[in-house]
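Shown here: final07.csv, CSV, C-alpha atoms and all ligand atoms.
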```csv
chain,number,residue,atom,x,y,z
A,1,MET,CA,66.8,19.6,-41.7
A,2,ARG,CA,68.5,21.1,-44.8
A,3,GLU,CA,72.0,19.8,-45.0
A,4,THR,CA,73.6,22.4,-47.3
A,5,SER,CA,73.2,26.2,-47.2
A,6,LEU,CA,74.8,28.9,-49.3
A,7,SER,CA,76.2,32.1,-47.9
A,8,PRO,CA,77.6,35.2,-49.8
A,9,ASP,CA,80.6,35.1,-47.6
A,10,LYS,CA,81.8,32.0,-49.3
A,11,PHE,CA,81.6,33.5,-52.8
A,12,ILE,CA,84.4,35.0,-54.7
A,13,TYR,CA,83.4,37.4,-57.5
A,14,PRO,CA,85.6,37.5,-60.7
A,15,LEU,CA,86.2,40.8,-62.4
A,16,PHE,CA,87.8,41.8,-65.7
A,17,VAL,CA,89.9,45.0,-65.5
A,18,THR,CA,90.9,46.8,-68.6
A,19,PHE,CA,92.9,49.9,-69.4
A,20,GLY,CA,91.6,53.4,-70.0
A,21,SER,CA,88.9,55.2,-68.0
A,22,GLY,CA,85.2,55.3,-68.1
A,23,VAL,CA,85.1,51.9,-69.8
A,24,LYS,CA,82.3,49.5,-69.0
A,25,LYS,CA,81.8,47.1,-71.8
A,26,GLU,CA,79.3,44.2,-71.4
A,27,ILE,CA,80.7,40.8,-72.5
A,28,PRO,CA,78.2,39.6,-75.1
A,29,SER,CA,78.2,35.9,-74.1
A,30,MET,CA,78.2,36.8,-70.3
A,31,PRO,CA,75.3,39.2,-69.7
A,32,GLY,CA,75.8,41.1,-66.5
A,33,CYS,CA,79.6,40.8,-66.7
A,34,PHE,CA,81.8,43.6,-67.9
A,35,GLN,CA,85.3,44.6,-69.0
A,36,GLU,CA,85.8,47.7,-66.8
A,37,SER,CA,88.5,50.3,-66.4
A,38,VAL,CA,89.8,50.9,-62.9
A,39,ASP,CA,87.4,53.8,-62.1
A,40,GLU,CA,84.4,51.6,-63.0
A,41,VAL,CA,85.8,48.6,-61.1
A,42,ILE,CA,85.8,50.7,-58.0
A,43,LYS,CA,82.1,51.3,-58.2
A,44,SER,CA,81.5,47.5,-58.9
A,45,VAL,CA,83.6,46.4,-55.9
A,46,LYS,CA,81.7,48.7,-53.6
A,47,GLU,CA,78.5,47.0,-54.6
A,48,VAL,CA,80.1,43.6,-54.3
A,49,TYR,CA,81.3,44.3,-50.8
A,50,SER,CA,77.9,45.9,-49.8
A,51,LEU,CA,76.2,42.6,-50.7
A,52,GLY,CA,78.2,40.7,-48.1
A,53,ILE,CA,80.7,39.2,-50.6
A,54,PRO,CA,84.1,39.6,-49.0
A,55,SER,CA,86.3,38.6,-51.8
A,56,ILE,CA,87.0,39.2,-55.5
A,57,LEU,CA,89.3,37.7,-58.2
A,58,ILE,CA,90.9,40.0,-60.7
A,59,PHE,CA,91.7,39.3,-64.3
A,60,GLY,CA,93.6,41.8,-66.4
A,61,ILE,CA,93.1,42.9,-70.0
A,62,PRO,CA,96.3,44.8,-70.8
A,63,GLU,CA,96.8,47.5,-73.4
A,64,HIS,CA,99.9,45.8,-74.7
A,65,LYS,CA,100.6,42.1,-75.4
A,66,ASP,CA,103.9,40.5,-76.4
A,67,GLU,CA,105.7,37.2,-76.7
A,68,ILE,CA,106.7,37.1,-73.0
A,69,GLY,CA,103.6,38.8,-71.4
A,70,SER,CA,105.6,41.6,-70.0
A,71,SER,CA,102.4,43.6,-68.9
A,72,ALA,CA,101.8,40.7,-66.5
A,73,TYR,CA,104.5,41.8,-64.1
A,74,ASP,CA,104.6,45.5,-64.9
A,75,GLU,CA,104.3,47.6,-61.7
A,76,HIS,CA,101.9,49.9,-63.5
A,77,GLY,CA,99.9,47.1,-65.3
A,78,VAL,CA,96.1,47.1,-65.3
A,79,VAL,CA,95.9,44.6,-62.4
A,80,GLN,CA,98.5,46.3,-60.3
A,81,ASN,CA,96.8,49.6,-60.7
A,82,ALA,CA,93.4,48.1,-60.0
A,83,ILE,CA,94.7,46.4,-56.8
A,84,ARG,CA,96.0,49.7,-55.4
A,85,ALA,CA,92.8,51.6,-56.2
A,86,ILE,CA,90.5,48.9,-54.8
A,87,LYS,CA,92.5,48.5,-51.6
A,88,ASP,CA,92.3,52.3,-51.3
A,89,ALA,CA,88.6,52.4,-51.8
A,90,VAL,CA,87.5,49.3,-50.0
A,91,PRO,CA,90.3,48.2,-47.8
A,92,GLU,CA,88.4,45.3,-46.2
A,93,LEU,CA,87.7,43.6,-49.5
A,94,PHE,CA,89.9,40.5,-49.9
A,95,VAL,CA,91.6,40.9,-53.2
A,96,THR,CA,92.8,37.7,-55.0
A,97,THR,CA,94.5,37.9,-58.4
A,98,ASP,CA,94.7,35.4,-61.2
A,99,VAL,CA,98.3,34.7,-62.0
A,100,CYS,CA,98.7,33.5,-65.6
A,101,MET,CA,100.3,34.5,-68.9
A,102,CYS,CA,97.5,34.0,-71.4
A,103,GLU,CA,95.9,37.4,-71.0
A,104,TYR,CA,99.3,39.1,-71.6
A,105,THR,CA,100.9,37.1,-74.4
A,106,ASN,CA,100.2,37.8,-78.0
A,107,HIS,CA,99.9,34.1,-78.7
A,108,GLY,CA,97.4,33.6,-75.9
A,109,HIS,CA,99.1,30.7,-74.2
A,110,CYS,CA,99.6,30.4,-70.5
A,111,GLY,CA,103.4,30.2,-70.8
A,112,ILE,CA,106.2,31.3,-73.1
A,113,ILE,CA,106.7,29.6,-76.4
A,114,LYS,CA,109.7,28.1,-78.1
A,115,ASP,CA,109.5,26.1,-81.3
A,116,GLY,CA,105.7,26.1,-81.1
A,117,ASP,CA,105.6,24.6,-77.6
A,118,VAL,CA,104.9,26.1,-74.2
A,119,GLN,CA,108.0,26.1,-72.1
A,120,ASN,CA,107.3,25.0,-68.6
A,121,ASP,CA,110.4,25.9,-66.6
A,122,PRO,CA,111.2,29.3,-68.2
A,123,THR,CA,107.5,30.3,-67.5
A,124,LEU,CA,107.9,29.7,-63.8
A,125,GLU,CA,110.1,32.6,-63.3
A,126,LEU,CA,107.7,35.0,-65.0
A,127,LEU,CA,104.7,33.7,-63.0
A,128,ALA,CA,106.7,34.2,-59.8
A,129,LYS,CA,107.5,37.8,-60.9
A,130,GLU,CA,103.8,38.4,-61.7
A,131,ALA,CA,102.7,37.0,-58.3
A,132,VAL,CA,105.3,39.2,-56.5
A,133,SER,CA,104.2,42.3,-58.4
A,134,HIS,CA,100.6,41.7,-57.4
A,135,ALA,CA,101.7,41.2,-53.7
A,136,LYS,CA,103.7,44.5,-53.9
A,137,ALA,CA,100.6,46.3,-55.2
A,138,GLY,CA,98.6,45.0,-52.2
A,139,ALA,CA,96.9,41.7,-53.3
A,140,ASP,CA,95.8,39.6,-50.3
A,141,MET,CA,96.1,36.2,-52.2
A,142,VAL,CA,97.4,35.0,-55.5
A,143,ALA,CA,95.8,32.3,-57.6
A,144,PRO,CA,98.0,30.7,-60.3
A,145,SER,CA,95.8,29.3,-63.1
A,146,ASP,CA,98.4,28.5,-65.7
A,147,MET,CA,98.9,24.8,-64.8
A,148,MET,CA,102.7,24.7,-65.3
A,149,ASP,CA,104.3,22.1,-63.2
A,150,GLY,CA,106.1,23.5,-60.2
A,151,ARG,CA,104.6,26.9,-60.3
A,152,VAL,CA,103.2,26.8,-56.7
A,153,GLU,CA,106.6,26.2,-55.3
A,154,ALA,CA,108.2,28.8,-57.5
A,155,ILE,CA,105.7,31.4,-56.5
A,156,ARG,CA,105.9,30.4,-52.8
A,157,LEU,CA,109.7,30.8,-52.8
A,158,ALA,CA,109.6,34.1,-54.6
A,159,LEU,CA,106.9,35.6,-52.3
A,160,ASP,CA,108.8,34.4,-49.2
A,161,GLU,CA,112.0,35.9,-50.5
A,162,GLU,CA,110.4,39.3,-51.1
A,163,GLY,CA,108.9,39.4,-47.7
A,164,PHE,CA,105.4,38.2,-48.5
A,165,SER,CA,105.4,35.0,-46.6
A,166,GLU,CA,101.9,35.8,-45.2
A,167,ILE,CA,100.3,35.9,-48.7
A,168,PRO,CA,98.4,32.6,-49.3
A,169,ILE,CA,98.3,30.8,-52.6
A,170,MET,CA,95.0,29.4,-54.0
A,171,SER,CA,96.1,27.1,-56.8
A,172,TYR,CA,93.9,26.1,-59.7
A,173,ALA,CA,95.1,22.6,-58.9
A,174,ALA,CA,92.7,20.4,-60.9
A,175,LYS,CA,92.1,22.5,-63.9
A,176,TYR,CA,90.6,20.7,-66.9
A,177,ALA,CA,91.1,21.5,-70.6
A,178,SER,CA,87.5,22.5,-70.9
A,179,SER,CA,85.3,24.0,-73.6
A,180,PHE,CA,83.3,25.7,-70.8
A,181,TYR,CA,86.0,28.4,-70.8
A,182,GLY,CA,84.8,29.7,-74.2
A,183,PRO,CA,83.0,32.8,-73.0
A,184,PHE,CA,85.8,33.7,-70.6
A,185,ARG,CA,88.3,33.8,-73.5
A,186,GLU,CA,86.1,36.3,-75.2
A,187,ALA,CA,85.9,38.3,-71.9
A,188,ALA,CA,89.7,38.2,-71.3
A,189,GLU,CA,90.7,38.2,-74.9
A,190,SER,CA,92.9,35.3,-74.2
A,191,SER,CA,92.2,32.6,-76.8
A,192,PRO,CA,95.2,30.7,-77.9
A,193,GLN,CA,96.2,31.8,-81.4
A,194,PHE,CA,97.4,28.3,-82.3
A,195,GLY,CA,96.9,24.9,-80.8
A,196,ASP,CA,95.0,24.4,-77.5
A,197,ARG,CA,95.8,24.0,-73.8
A,198,ARG,CA,95.7,20.3,-73.7
A,199,SER,CA,99.4,19.9,-73.1
A,200,TYR,CA,99.1,21.7,-69.7
A,201,GLN,CA,95.5,21.4,-68.7
A,202,MET,CA,93.9,18.1,-67.6
A,203,ASP,CA,92.0,15.6,-69.6
A,204,PRO,CA,88.2,15.8,-68.7
A,205,ALA,CA,88.1,12.0,-68.7
A,206,ASN,CA,90.6,11.7,-65.8
A,207,ARG,CA,89.4,11.4,-62.2
A,208,ARG,CA,92.3,9.9,-60.3
A,209,GLU,CA,94.8,12.2,-61.9
A,210,ALA,CA,93.1,15.1,-60.1
A,211,LEU,CA,94.1,13.7,-56.7
A,212,ARG,CA,97.8,13.5,-57.9
A,213,GLU,CA,97.6,17.1,-59.1
A,214,ILE,CA,96.1,18.3,-55.8
A,215,ALA,CA,98.7,16.4,-53.7
A,216,LEU,CA,101.5,17.9,-55.7
A,217,ASP,CA,100.2,21.4,-55.2
A,218,ILE,CA,99.7,21.0,-51.5
A,219,GLU,CA,103.2,19.6,-51.2
A,220,GLU,CA,104.5,22.7,-53.0
A,221,GLY,CA,102.7,25.0,-50.6
A,222,ALA,CA,99.1,25.7,-51.8
A,223,ASP,CA,96.8,27.0,-49.1
A,224,ILE,CA,93.6,26.5,-51.0
A,225,VAL,CA,93.1,24.1,-53.9
A,226,MET,CA,90.6,24.7,-56.7
A,227,VAL,CA,88.7,22.5,-59.0
A,228,LYS,CA,87.7,24.0,-62.4
A,229,PRO,CA,85.2,23.9,-64.0
A,230,ALA,CA,82.7,23.0,-61.2
A,231,LEU,CA,79.4,21.8,-62.4
A,232,ALA,CA,80.6,19.0,-64.8
A,233,TYR,CA,83.3,18.1,-62.2
A,234,LEU,CA,81.3,17.6,-58.9
A,235,ASP,CA,82.8,14.1,-58.5
A,236,ILE,CA,86.2,15.7,-58.5
A,237,ILE,CA,85.2,18.2,-55.9
A,238,SER,CA,83.8,15.5,-53.7
A,239,ASP,CA,86.9,13.2,-54.1
A,240,ILE,CA,89.2,16.0,-53.1
A,241,LYS,CA,87.1,17.1,-50.2
A,242,ASP,CA,87.2,13.5,-48.9
A,243,ALA,CA,90.9,12.9,-49.5
A,244,PHE,CA,92.5,16.2,-48.2
A,245,ASP,CA,92.1,18.3,-45.2
A,246,ILE,CA,92.5,21.7,-46.9
A,247,PRO,CA,90.0,24.3,-48.1
A,248,VAL,CA,88.5,23.4,-51.5
A,249,ALA,CA,87.4,26.1,-53.9
A,250,ALA,CA,85.4,25.4,-57.0
A,251,TYR,CA,85.2,27.7,-60.1
A,252,ASN,CA,81.7,27.9,-61.6
A,253,VAL,CA,83.2,29.0,-64.9
A,254,SER,CA,82.0,31.3,-67.7
A,255,GLY,CA,80.4,28.6,-69.9
A,256,GLU,CA,78.3,27.3,-67.0
A,257,TYR,CA,77.1,30.9,-66.4
A,258,SER,CA,76.4,31.5,-70.1
A,259,LEU,CA,74.3,28.4,-70.5
A,260,VAL,CA,72.0,29.4,-67.7
A,261,LYS,CA,71.8,33.0,-68.9
A,262,ALA,CA,71.0,32.0,-72.5
A,263,ALA,CA,68.3,29.4,-71.5
A,264,GLY,CA,66.9,32.0,-69.0
A,265,ARG,CA,66.6,34.6,-71.8
A,266,LEU,CA,64.8,32.2,-74.0
A,267,GLY,CA,62.4,31.4,-71.2
A,268,TRP,CA,63.4,27.8,-71.3
A,269,ILE,CA,64.3,27.6,-67.6
A,270,ASP,CA,63.7,29.5,-64.4
A,271,GLU,CA,67.1,31.2,-64.4
A,272,LYS,CA,67.2,32.2,-60.7
A,273,ARG,CA,66.1,28.8,-59.4
A,274,VAL,CA,68.6,27.0,-61.7
A,275,MET,CA,71.3,29.3,-60.5
A,276,MET,CA,70.6,28.6,-56.8
A,277,GLU,CA,70.3,24.8,-57.5
A,278,ILE,CA,73.7,24.8,-59.3
A,279,LEU,CA,75.4,26.8,-56.6
A,280,THR,CA,73.9,24.5,-53.9
A,281,SER,CA,75.1,21.4,-55.7
A,282,ILE,CA,78.6,22.7,-55.9
A,283,LYS,CA,78.5,23.4,-52.2
A,284,ARG,CA,76.9,20.0,-51.4
A,285,ALA,CA,79.7,18.3,-53.4
A,286,GLY,CA,82.2,19.8,-51.0
A,287,ALA,CA,83.3,23.2,-52.1
A,288,ASP,CA,84.2,25.6,-49.2
A,289,LEU,CA,84.5,28.5,-51.6
A,290,ILE,CA,82.7,29.1,-54.9
A,291,LEU,CA,84.1,31.4,-57.6
A,292,THR,CA,81.1,32.5,-59.5
A,293,TYR,CA,79.8,35.2,-61.9
A,294,PHE,CA,76.5,34.6,-60.2
A,295,ALA,CA,77.8,35.9,-56.8
A,296,LYS,CA,76.0,39.2,-56.8
A,297,GLU,CA,72.7,37.9,-58.0
A,298,ALA,CA,72.8,34.9,-55.6
A,299,ALA,CA,73.8,37.2,-52.7
A,300,LYS,CA,70.7,39.4,-53.4
A,301,ILE,CA,68.5,36.4,-53.0
A,302,LEU,CA,70.3,35.0,-50.0
A,303,ASN,CA,70.2,38.5,-48.3
A,304,LYS,CA,66.4,38.8,-48.6
A,401,LIG,C1,93.5,31.6,-67.5
A,401,LIG,C2,92.2,31.3,-67.0
A,401,LIG,C3,91.1,30.8,-67.7
A,401,LIG,C4,90.0,30.9,-66.9
A,401,LIG,C5,90.4,31.4,-65.6
A,401,LIG,N1,91.8,31.6,-65.8
A,401,LIG,C6,90.9,30.4,-69.1
A,401,LIG,C7,91.7,29.3,-69.7
A,401,LIG,O1,92.4,28.6,-69.0
A,401,LIG,O2,91.6,29.2,-70.9
A,401,LIG,C8,88.6,30.4,-67.2
A,401,LIG,C9,87.5,31.0,-66.3
A,401,LIG,C10,86.1,30.9,-66.9
A,401,LIG,O3,85.9,30.3,-67.9
A,401,LIG,O4,85.2,31.5,-66.2
A,401,LIG,N2,94.3,30.5,-67.7
```

Have the structure of the file written as C-alpha cells, please.
Amino acid sequence: MRETSLSPDKFIYPLFVTFGSGVKKEIPSMPGCFQESVDEVIKSVKEVYSLGIPSILIFGIPEHKDEIGSSAYDEHGVVQNAIRAIKDAVPELFVTTDVCMCEYTNHGHCGIIKDGDVQNDPTLELLAKEAVSHAKAGADMVAPSDMMDGRVEAIRLALDEEGFSEIPIMSYAAKYASSFYGPFREAAESSPQFGDRRSYQMDPANRREALREIALDIEEGADIVMVKPALAYLDIISDIKDAFDIPVAAYNVSGEYSLVKAAGRLGWIDEKRVMMEILTSIKRAGADLILTYFAKEAAKILNK
C-alpha cells in the first residue's frame, strides 16, 4: 500500500563541464561529483544512461570570464561543445542546460552589472542568446536559473524566432536566496564577488510569493516549473503541485547533498537510507522530477 515510489526515470543528473581534456577533478565539498572535461563527461553520461536515468543538466565552467559573460553564448563554449559530444555519443540522453550568467561573468552575478547593480532587462537579451546557442548545439531543453524578471518570455520568443519552437523551457521559477548553494558555487566557481543574490532570488521566509512567481513563469511560457532548494521547501513544492496543472521539478541542491555526505562519512547517519528518505519525501511532496546529485547512487539501489 506504499503511496510514493521513486524511479530513476524521474531523476535529472547535474554535471559540471570544464575546458581542457583528461580533466576529472573531484569537488571537495561534494564527494562523488566532479568538474570534468568533455572527454570525461562522455564516460560519465554513458554510465548515467546505463543506470536508467534518461536526463542530465549541464553546467559550464568556462576558461574565460568577463563582465558580460561572453563564453555563455559562444558557439564553441564548454557547454556547447559538451552538448554536441554528448548527443553524438548517447543520442537518446535528454540534455538540459542551465541558462545563467553567473558561471561566465568575472563578478559572479547572474546578470550584467551597472553601477554595482544587476541590470534585469539588458540581461534578458544575453540569456536569450545563451539559450539559442544551446539549442543550436543540440540541447533538448533549456533551464533558466538566473531569476531575472521576464526571462522565460524572452527566451521563448528567441527560441521560436530561431526555429526552436519545439524546445521546452524548465524554469527555476521559485528559486530562493539560499545558503544551501554554497558547495555548488565552489563546484561551478560562481560565487558573487560582491554583494549577494537577494535582489533577484526569493526570500526563504516567503511562501505565497512562490505561487506568484510560478504563475508568471507559466504565463510567459514555462513548460516545467522548478522549486529550489527542495528539502527545506517541501511546503512550496506541495503548494505548487496543488495550485497548478503543470509538471513540477524540485532541485535537491548541493548543500543538501553535502550535509548527507558529511554526516555519512562521520558515521553519524546511515547515508544511503537518509538519501532514499529525502528523495522519497521530495517525491511525496509533489515533485514529478527530481534534480539530484544522488541520482546515480539512488538508481543503483532502485535497480537492484
Ligand atoms: C546558477 C545556479 C545555482 C545553482 C544552480 N544554478 C547557484 C546560485 O544561484 O547561486 C545551485 C545548485 C546547487 O546548489 O546544487 N544561478

Please identify every polymer residue within 10 Å of ligand LIG 401 (chain A), using all atoms listed in the file, and present the set as a PDB file with C-alpha atoms, in the coordinates of the input.
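Heads up, here's the output in out_32.pdb:
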```pdb
ATOM      1  CA  PRO A  14      85.600  37.500 -60.700  1.00  0.00           C
ATOM      2  CA  MET A  30      78.200  36.800 -70.300  1.00  0.00           C
ATOM      3  CA  LEU A  57      89.300  37.700 -58.200  1.00  0.00           C
ATOM      4  CA  ILE A  58      90.900  40.000 -60.700  1.00  0.00           C
ATOM      5  CA  PHE A  59      91.700  39.300 -64.300  1.00  0.00           C
ATOM      6  CA  ASP A  98      94.700  35.400 -61.200  1.00  0.00           C
ATOM      7  CA  VAL A  99      98.300  34.700 -62.000  1.00  0.00           C
ATOM      8  CA  CYS A 100      98.700  33.500 -65.600  1.00  0.00           C
ATOM      9  CA  MET A 101     100.300  34.500 -68.900  1.00  0.00           C
ATOM     10  CA  CYS A 102      97.500  34.000 -71.400  1.00  0.00           C
ATOM     11  CA  GLU A 103      95.900  37.400 -71.000  1.00  0.00           C
ATOM     12  CA  GLY A 108      97.400  33.600 -75.900  1.00  0.00           C
ATOM     13  CA  HIS A 109      99.100  30.700 -74.200  1.00  0.00           C
ATOM     14  CA  CYS A 110      99.600  30.400 -70.500  1.00  0.00           C
ATOM     15  CA  GLY A 111     103.400  30.200 -70.800  1.00  0.00           C
ATOM     16  CA  ALA A 143      95.800  32.300 -57.600  1.00  0.00           C
ATOM     17  CA  PRO A 144      98.000  30.700 -60.300  1.00  0.00           C
ATOM     18  CA  SER A 145      95.800  29.300 -63.100  1.00  0.00           C
ATOM     19  CA  ASP A 146      98.400  28.500 -65.700  1.00  0.00           C
ATOM     20  CA  MET A 147      98.900  24.800 -64.800  1.00  0.00           C
ATOM     21  CA  TYR A 172      93.900  26.100 -59.700  1.00  0.00           C
ATOM     22  CA  LYS A 175      92.100  22.500 -63.900  1.00  0.00           C
ATOM     23  CA  TYR A 176      90.600  20.700 -66.900  1.00  0.00           C
ATOM     24  CA  ALA A 177      91.100  21.500 -70.600  1.00  0.00           C
ATOM     25  CA  SER A 178      87.500  22.500 -70.900  1.00  0.00           C
ATOM     26  CA  SER A 179      85.300  24.000 -73.600  1.00  0.00           C
ATOM     27  CA  PHE A 180      83.300  25.700 -70.800  1.00  0.00           C
ATOM     28  CA  TYR A 181      86.000  28.400 -70.800  1.00  0.00           C
ATOM     29  CA  GLY A 182      84.800  29.700 -74.200  1.00  0.00           C
ATOM     30  CA  PRO A 183      83.000  32.800 -73.000  1.00  0.00           C
ATOM     31  CA  PHE A 184      85.800  33.700 -70.600  1.00  0.00           C
ATOM     32  CA  ARG A 185      88.300  33.800 -73.500  1.00  0.00           C
ATOM     33  CA  GLU A 186      86.100  36.300 -75.200  1.00  0.00           C
ATOM     34  CA  ALA A 187      85.900  38.300 -71.900  1.00  0.00           C
ATOM     35  CA  ALA A 188      89.700  38.200 -71.300  1.00  0.00           C
ATOM     36  CA  GLU A 189      90.700  38.200 -74.900  1.00  0.00           C
ATOM     37  CA  SER A 190      92.900  35.300 -74.200  1.00  0.00           C
ATOM     38  CA  SER A 191      92.200  32.600 -76.800  1.00  0.00           C
ATOM     39  CA  PRO A 192      95.200  30.700 -77.900  1.00  0.00           C
ATOM     40  CA  ASP A 196      95.000  24.400 -77.500  1.00  0.00           C
ATOM     41  CA  ARG A 197      95.800  24.000 -73.800  1.00  0.00           C
ATOM     42  CA  TYR A 200      99.100  21.700 -69.700  1.00  0.00           C
ATOM     43  CA  GLN A 201      95.500  21.400 -68.700  1.00  0.00           C
ATOM     44  CA  LYS A 228      87.700  24.000 -62.400  1.00  0.00           C
ATOM     45  CA  PRO A 229      85.200  23.900 -64.000  1.00  0.00           C
ATOM     46  CA  TYR A 251      85.200  27.700 -60.100  1.00  0.00           C
ATOM     47  CA  ASN A 252      81.700  27.900 -61.600  1.00  0.00           C
ATOM     48  CA  VAL A 253      83.200  29.000 -64.900  1.00  0.00           C
ATOM     49  CA  SER A 254      82.000  31.300 -67.700  1.00  0.00           C
ATOM     50  CA  GLY A 255      80.400  28.600 -69.900  1.00  0.00           C
ATOM     51  CA  GLU A 256      78.300  27.300 -67.000  1.00  0.00           C
ATOM     52  CA  TYR A 257      77.100  30.900 -66.400  1.00  0.00           C
ATOM     53  CA  SER A 258      76.400  31.500 -70.100  1.00  0.00           C
ATOM     54  CA  LEU A 291      84.100  31.400 -57.600  1.00  0.00           C
ATOM     55  CA  THR A 292      81.100  32.500 -59.500  1.00  0.00           C
ATOM     56  CA  TYR A 293      79.800  35.200 -61.900  1.00  0.00           C
TER      57      TYR A 293
END
```

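From atom CA of A:Glu3 back to atom CA of A:Glu297, the distance works out to 22.3 Å.
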
Of the residues A:Ile42, A:Met275, A:Ile269, A:Val95, which is the one nearest to A:Ile301, using all atoms listed in the file?
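Result for the nearest residue to A:Ile301: A:Met275.
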
Could you please determine the separation between atom CA of A:Lys114 and atom CA of A:Met202 in Å, to one decimal place?
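These atoms are spaced 21.4 Å apart.
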
Dump as a ChimeraX atom specification all residues having an atom at most 10 Å from (85.3, 24.2, -56.9), computed in the file's coordinates with only C-alpha atoms.
/A:172,174-175,225-231,233-234,236-238,240-241,247-253,282-283,285-292

Neighbour list for A:Ser7 as a PDB file with C-alpha atoms, in the frame of the given file, cut-off 9 Å, all atoms listed in the file, skip fewer than 3 positions in-chain:
```
ATOM      1  CA  LYS A  10      81.800  32.000 -49.300  1.00  0.00           C
ATOM      2  CA  PHE A  11      81.600  33.500 -52.800  1.00  0.00           C
ATOM      3  CA  GLY A  52      78.200  40.700 -48.100  1.00  0.00           C
ATOM      4  CA  ILE A  53      80.700  39.200 -50.600  1.00  0.00           C
ATOM      5  CA  ALA A 298      72.800  34.900 -55.600  1.00  0.00           C
ATOM      6  CA  ALA A 299      73.800  37.200 -52.700  1.00  0.00           C
ATOM      7  CA  LEU A 302      70.300  35.000 -50.000  1.00  0.00           C
ATOM      8  CA  ASN A 303      70.200  38.500 -48.300  1.00  0.00           C
TER       9      ASN A 303
END
```

Length of the atom CA of A:Gln193 to atom CA of A:Met141 vector [Å]:
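Distance reported for this atom pair: 29.5 Å.
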
Determine the nearest neighbour of A:Glu63 from the options A:Ser29, A:Val17, A:Ser171, A:Glu40, counting all atoms listed in the file.
A:Val17

Within 12 Å of A:Tyr73, counting all atoms listed in the file, which residues qualify if same-chain residues fewer than 6 places away don't, as a list in words?
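After dropping sequence-adjacent residues, the list is Gly60, Pro62, Lys65, Val79, Gln80, Asn81, Val99, Cys100, Met101, Glu103, Tyr104, Thr105, Glu125, Leu126, Leu127, Ala128, Lys129, Glu130, Ala131, Val132, Ser133, His134, Ala135, Lys136 and Ala137 of chain A.
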
For A:Phe194, the nearest of the candidates A:Ile214, A:Ala262, A:Val118, A:Met148, counting only C-alpha atoms:
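For A:Phe194, the nearest of the candidates is A:Val118.
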
Residue among A:Lys43, A:His107, A:Arg156, A:Lys87 lying closest to A:Ile68, counting all atoms listed in the file:
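Looking only at the distances to A:Ile68, the closest residue turns out to be A:His107.
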
Polymer residues at most 8 Å from A:Cys33, all atoms listed in the file, same-chain spacing of 4 or more positions, as a list in words:
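So, after excluding close chain neighbours, the residues are Leu15, Glu26, Ile27 and Tyr293 of chain A.
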
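With distances taken over all atoms listed in the file, A:Gly22 is the one residue among A:Gly22, A:Gly221, A:Gly150, A:Gly195 lying closest to A:Asp39.
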
Find the residues near A:Gln35: any atom within 6 Å, counting all atoms listed in the file, skip ones fewer than 3 places away on the same chain, and give them as a JSON list (two decimals) with C-alpha atoms, keeping the file's coordinate frame.
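Contents of selection.json, freshly written:
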```
[["chain", "number", "residue", "atom", "x", "y", "z"],
["A", 16, "PHE", "CA", 87.80, 41.80, -65.70],
["A", 17, "VAL", "CA", 89.90, 45.00, -65.50],
["A", 24, "LYS", "CA", 82.30, 49.50, -69.00],
["A", 25, "LYS", "CA", 81.80, 47.10, -71.80]]
```

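Comparing the minimum interatomic distances between A:Ile167 and each of A:Ser21, A:Ser199, A:Thr96, A:Ser281, counting all atoms listed in the file, we find that A:Thr96 sits nearest.
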
Atoms kept (N, CA, C and O atoms) for stretch 26-34 of chain A, as a PDB file, in the first residue's frame:
```
ATOM      1  N   GLU A  26      37.620  16.077  -8.482  1.00  0.00           N
ATOM      2  CA  GLU A  26      36.526  15.921  -7.518  1.00  0.00           C
ATOM      3  C   GLU A  26      36.276  17.253  -6.793  1.00  0.00           C
ATOM      4  O   GLU A  26      37.216  17.981  -6.461  1.00  0.00           O
ATOM      5  N   ILE A  27      35.019  17.554  -6.548  1.00  0.00           N
ATOM      6  CA  ILE A  27      34.663  18.782  -5.836  1.00  0.00           C
ATOM      7  C   ILE A  27      34.726  18.476  -4.336  1.00  0.00           C
ATOM      8  O   ILE A  27      33.975  17.618  -3.862  1.00  0.00           O
ATOM      9  N   PRO A  28      35.648  19.132  -3.623  1.00  0.00           N
ATOM     10  CA  PRO A  28      35.906  18.725  -2.228  1.00  0.00           C
ATOM     11  C   PRO A  28      34.657  18.648  -1.352  1.00  0.00           C
ATOM     12  O   PRO A  28      34.508  17.710  -0.571  1.00  0.00           O
ATOM     13  N   SER A  29      33.744  19.598  -1.480  1.00  0.00           N
ATOM     14  CA  SER A  29      32.569  19.592  -0.611  1.00  0.00           C
ATOM     15  C   SER A  29      31.429  18.731  -1.161  1.00  0.00           C
ATOM     16  O   SER A  29      30.372  18.628  -0.548  1.00  0.00           O
ATOM     17  N   MET A  30      31.662  18.126  -2.345  1.00  0.00           N
ATOM     18  CA  MET A  30      30.631  17.264  -2.940  1.00  0.00           C
ATOM     19  C   MET A  30      31.249  15.938  -3.384  1.00  0.00           C
ATOM     20  O   MET A  30      31.397  15.685  -4.577  1.00  0.00           O
ATOM     21  N   PRO A  31      31.620  15.090  -2.429  1.00  0.00           N
ATOM     22  CA  PRO A  31      32.271  13.833  -2.781  1.00  0.00           C
ATOM     23  C   PRO A  31      31.434  13.062  -3.804  1.00  0.00           C
ATOM     24  O   PRO A  31      30.217  12.977  -3.668  1.00  0.00           O
ATOM     25  N   GLY A  32      32.120  12.542  -4.829  1.00  0.00           N
ATOM     26  CA  GLY A  32      31.407  11.791  -5.867  1.00  0.00           C
ATOM     27  C   GLY A  32      30.962  12.664  -7.028  1.00  0.00           C
ATOM     28  O   GLY A  32      30.460  12.151  -8.026  1.00  0.00           O
ATOM     29  N   CYS A  33      31.151  13.997  -6.908  1.00  0.00           N
ATOM     30  CA  CYS A  33      30.815  14.898  -8.011  1.00  0.00           C
ATOM     31  C   CYS A  33      32.115  15.542  -8.518  1.00  0.00           C
ATOM     32  O   CYS A  33      33.016  15.819  -7.735  1.00  0.00           O
ATOM     33  N   PHE A  34      32.162  15.791  -9.818  1.00  0.00           N
ATOM     34  CA  PHE A  34      33.410  16.207 -10.440  1.00  0.00           C
ATOM     35  C   PHE A  34      33.220  17.370 -11.408  1.00  0.00           C
ATOM     36  O   PHE A  34      32.151  17.534 -11.982  1.00  0.00           O
TER      37      PHE A  34
END
```
